[in-house]
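Data file: entry.cif. Format and content: mmCIF, C-alpha atoms.
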data_work
loop_
_atom_site.label_atom_id
_atom_site.label_comp_id
_atom_site.auth_asym_id
_atom_site.auth_seq_id
_atom_site.Cartn_x
_atom_site.Cartn_y
_atom_site.Cartn_z
CA LEU A 1 84.21 132.16 43.10
CA GLY A 2 80.99 130.38 44.14
CA THR A 3 79.33 129.88 47.49
CA ASP A 4 80.89 128.55 50.68
CA GLU A 5 78.07 126.91 52.65
CA ASP A 6 80.30 125.41 55.35
CA ARG A 7 82.42 128.55 55.85
CA ASP A 8 85.76 126.82 55.39
CA TYR A 9 86.94 129.43 52.85
CA LEU A 10 86.66 126.98 49.93
CA ASN A 11 83.91 127.37 47.35
CA ILE A 12 81.67 124.45 46.38
CA GLN A 13 83.42 123.75 43.07
CA LEU A 14 86.88 123.63 44.65
CA GLU A 15 85.61 121.32 47.39
CA LYS A 16 84.18 118.99 44.76
CA ASN A 17 87.53 119.05 42.92
CA ILE A 18 89.39 117.89 46.06
CA ASN A 19 86.71 115.36 47.11
CA ALA A 20 85.66 117.46 50.09
CA ASN A 21 82.11 117.81 51.33
CA PRO A 22 80.88 121.37 50.69
CA LYS A 23 78.53 121.09 53.66
CA MET A 24 81.24 120.12 56.20
CA PRO A 25 84.19 122.38 57.11
CA ASP A 26 86.25 119.28 58.08
CA THR A 27 85.21 116.58 55.61
CA ASP A 28 87.35 113.76 57.06
CA SER A 29 86.87 114.75 60.75
CA ASP A 30 90.61 114.76 61.42
CA GLY A 31 90.56 118.11 63.19
CA LEU A 32 91.97 120.14 60.28
CA ARG A 33 89.55 122.31 58.34
CA ASP A 34 89.37 121.60 54.62
CA ASP A 35 90.93 124.96 53.70
CA VAL A 36 93.92 124.29 55.95
CA GLU A 37 94.39 120.87 54.36
CA TYR A 38 94.05 122.31 50.85
CA THR A 39 96.63 125.04 51.41
CA THR A 40 99.17 122.83 53.24
CA GLY A 41 99.13 119.67 51.14
CA THR A 42 97.24 117.24 53.32
CA LEU A 43 94.11 115.57 51.98
CA ALA A 44 90.73 116.91 53.06
CA SER A 45 89.03 113.59 52.28
CA ILE A 46 91.50 111.26 54.07
CA ARG A 47 92.08 111.38 57.84
CA ASP A 48 95.66 110.08 57.61
CA THR A 49 97.32 111.69 54.58
CA ASP A 50 100.69 109.94 54.97
CA SER A 51 99.29 106.51 55.99
CA ASP A 52 101.35 106.27 59.16
CA GLY A 53 98.41 105.40 61.40
CA LEU A 54 98.15 108.87 62.97
CA ILE A 55 95.32 111.13 61.89
CA ASP A 56 96.44 114.49 60.52
CA GLY A 57 94.99 116.43 63.46
CA PHE A 58 97.10 114.41 65.95
CA GLU A 59 100.24 115.16 63.95
CA ASP A 60 99.41 118.86 63.64
CA ALA A 61 98.35 119.21 67.26
CA ASN A 62 97.61 122.94 67.15
CA LEU A 63 95.72 122.50 63.83
CA ASN A 64 97.47 125.41 62.11
CA GLY A 65 98.68 123.50 59.03
CA LYS A 66 102.38 123.93 59.88
CA GLN A 67 104.82 121.47 61.39
CA ASP A 68 105.70 123.24 64.59
CA ARG A 69 108.18 122.18 67.26
CA GLY A 70 107.05 118.93 68.86
CA GLU A 71 104.74 117.97 65.98
CA THR A 72 105.22 115.22 63.44
CA ASN A 73 104.64 115.89 59.75
CA PRO A 74 101.23 114.71 58.46
CA ARG A 75 102.66 114.68 54.92
CA ASN A 76 105.61 112.37 55.79
CA LYS A 77 105.12 109.02 57.52
CA ASP A 78 108.68 109.18 58.97
CA SER A 79 109.30 112.67 60.36
CA ASP A 80 112.78 111.92 61.75
CA ASN A 81 113.93 109.74 58.82
CA ASP A 82 114.83 106.73 60.96
CA HIS A 83 112.90 104.27 58.75
CA MET A 84 110.16 103.84 61.35
CA CYS A 85 106.65 105.21 60.88
CA ASP A 86 105.63 108.06 63.16
CA GLY A 87 102.60 105.96 64.08
CA LEU A 88 102.43 102.28 63.17
CA CYS A 89 102.96 100.61 59.77
CA ARG A 90 102.99 97.00 58.57
CA ILE A 91 106.27 95.55 57.24
CA LYS A 92 107.64 92.17 56.20
CA PHE A 93 110.81 90.87 57.86
CA ASN A 94 112.15 87.33 57.47
CA LYS A 95 108.95 86.33 55.62
CA GLN A 96 106.74 87.45 58.52
CA GLU A 97 104.62 90.55 58.94
CA TYR A 98 105.25 92.96 61.80
CA PHE A 99 104.05 96.36 62.84
CA ILE A 100 106.80 98.93 63.09
CA GLY A 101 106.36 102.41 64.43
CA GLU A 102 107.14 104.86 67.13
CA ASP A 103 103.68 105.74 68.49
CA ARG A 104 102.42 102.20 69.01
CA ASN A 105 99.11 103.20 70.61
CA LEU A 106 98.53 105.96 68.00
CA ASN A 107 97.67 108.65 70.53
CA GLY A 108 100.06 111.32 69.20
CA LYS A 109 102.25 111.26 72.33
CA VAL A 110 105.49 109.53 73.33
CA ASP A 111 104.52 107.06 76.05
CA ASP A 112 106.59 104.55 78.05
CA GLY A 113 107.90 101.82 75.76
CA GLU A 114 107.66 103.99 72.65
CA THR A 115 110.39 105.73 70.69
CA ASN A 116 110.22 109.40 69.73
CA PRO A 117 109.13 110.05 66.11
CA LEU A 118 111.11 113.30 66.19
CA ASN A 119 114.41 111.73 67.30
CA ARG A 120 116.31 109.11 65.25
CA ASP A 121 118.00 107.80 68.41
CA SER A 122 115.38 108.07 71.15
CA ASP A 123 117.50 106.56 73.92
CA GLY A 124 120.71 108.41 72.97
CA ASP A 125 122.88 105.28 72.71
CA GLU A 126 124.14 106.17 69.18
CA SER A 127 122.13 103.32 67.64
CA PRO A 128 119.16 104.53 65.55
CA ASP A 129 115.68 103.39 66.57
CA ASP A 130 115.18 101.24 63.46
CA ILE A 131 118.45 99.34 64.00
CA GLU A 132 117.40 98.56 67.58
CA PHE A 133 113.99 97.40 66.36
CA TYR A 134 115.44 95.01 63.76
CA GLN A 135 118.08 93.75 66.19
CA CYS A 136 115.32 92.94 68.66
CA LEU A 137 113.44 90.98 65.99
CA LYS A 138 116.62 89.20 64.94
CA ASP A 139 117.25 88.23 68.56
CA GLY A 140 113.77 86.70 68.75
CA GLY A 141 112.10 89.53 70.65
CA THR A 142 108.32 89.58 70.67
CA ASP A 143 107.71 93.13 71.95
CA CYS A 144 110.19 95.12 69.87
#
Could you show the structure in this file as structure tokens?
Amino acid sequence: LGTDEDRDYLNIQLEKNINANPKMPDTDSDGLRDDVEYTTGTLASIRDTDSDGLIDGFEDANLNGKQDRGETNPRNKDSDNDHMCDGLCRIKFNKQEYFIGEDRNLNGKVDDGETNPLNRDSDGDESPDDIEFYQCLKDGGTDC
């Protein structure tokens, strides 16, 4: 058992085991309490569990630890499986480095000029978002 100084429903020993701060209910300040992260498989000590550029609390907007409608998955960097990060990730293409992702400004919303991380074909033209991105690069585009 043990004590729970920060009232996040995790005792001190368990928090130490998961690299969480027993004096802070949200160790990594991502918006998700440590107990929610522990029970749902995100990391209490890392703000962006899946390394997609979006902090876990942006992906789980209602902070309940579940992937609800309209939310990306903080445990999977590519929620719609279109080979593009939900946020923004670095890749190599033709010996150059690029940033590829659907939420280019990392604000957790689909803005103008961005593709939807919950839809493989954001514009509905039957060409997946990643194919359009790589075709743009191949064609010499600079704002793909």
- For the atom pair CA of Asp86 in chain A and CA of Glu15 in chain A, what is the interatomic distance in Å to one decimal place?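 Pair CA of Asp86 in chain A / CA of Glu15 in chain A returns 28.7 Å.
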- Message: When you look at Lys138 in chain A with a cut-off of 10 Å (counting only C-alpha atoms), what residues show up, excluding the ones that are within fewer than 6 positions of it in the same chain? I need them as a PyMOL selection string.
- Response: chain A and resi 93-94+132
- Item | Output check: residues returned by the PyMOL selection byres ((chain A and resi 100) around 6), as a ChimeraX atom specification | /A:88-89,99,101
- Task: Write out as a list in words each polymer residue whose atoms come within 9 Å of Asn76 in chain A, counting all atoms listed in the file; drop sequence neighbours fewer than 5 positions from it.
- Result: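 The filter keeps Thr49, Asp50, Ser51, Asp52, Cys85 and Asp86 of chain A.
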- Task: Apply the PyMOL selection byres ((chain A and resi 137) around 12) to the structure shown and report the selected residues as a PyMOL selection string.
- Result: chain A and resi 92-94+96-100+130-136+138-144
- Run through the PyMOL selection byres ((chain A and resi 63) around 12) on the given coordinates and return the selected residues as a PyMOL selection string. chain A and resi 26+30-37+40+42+55-62+64-68+71-74
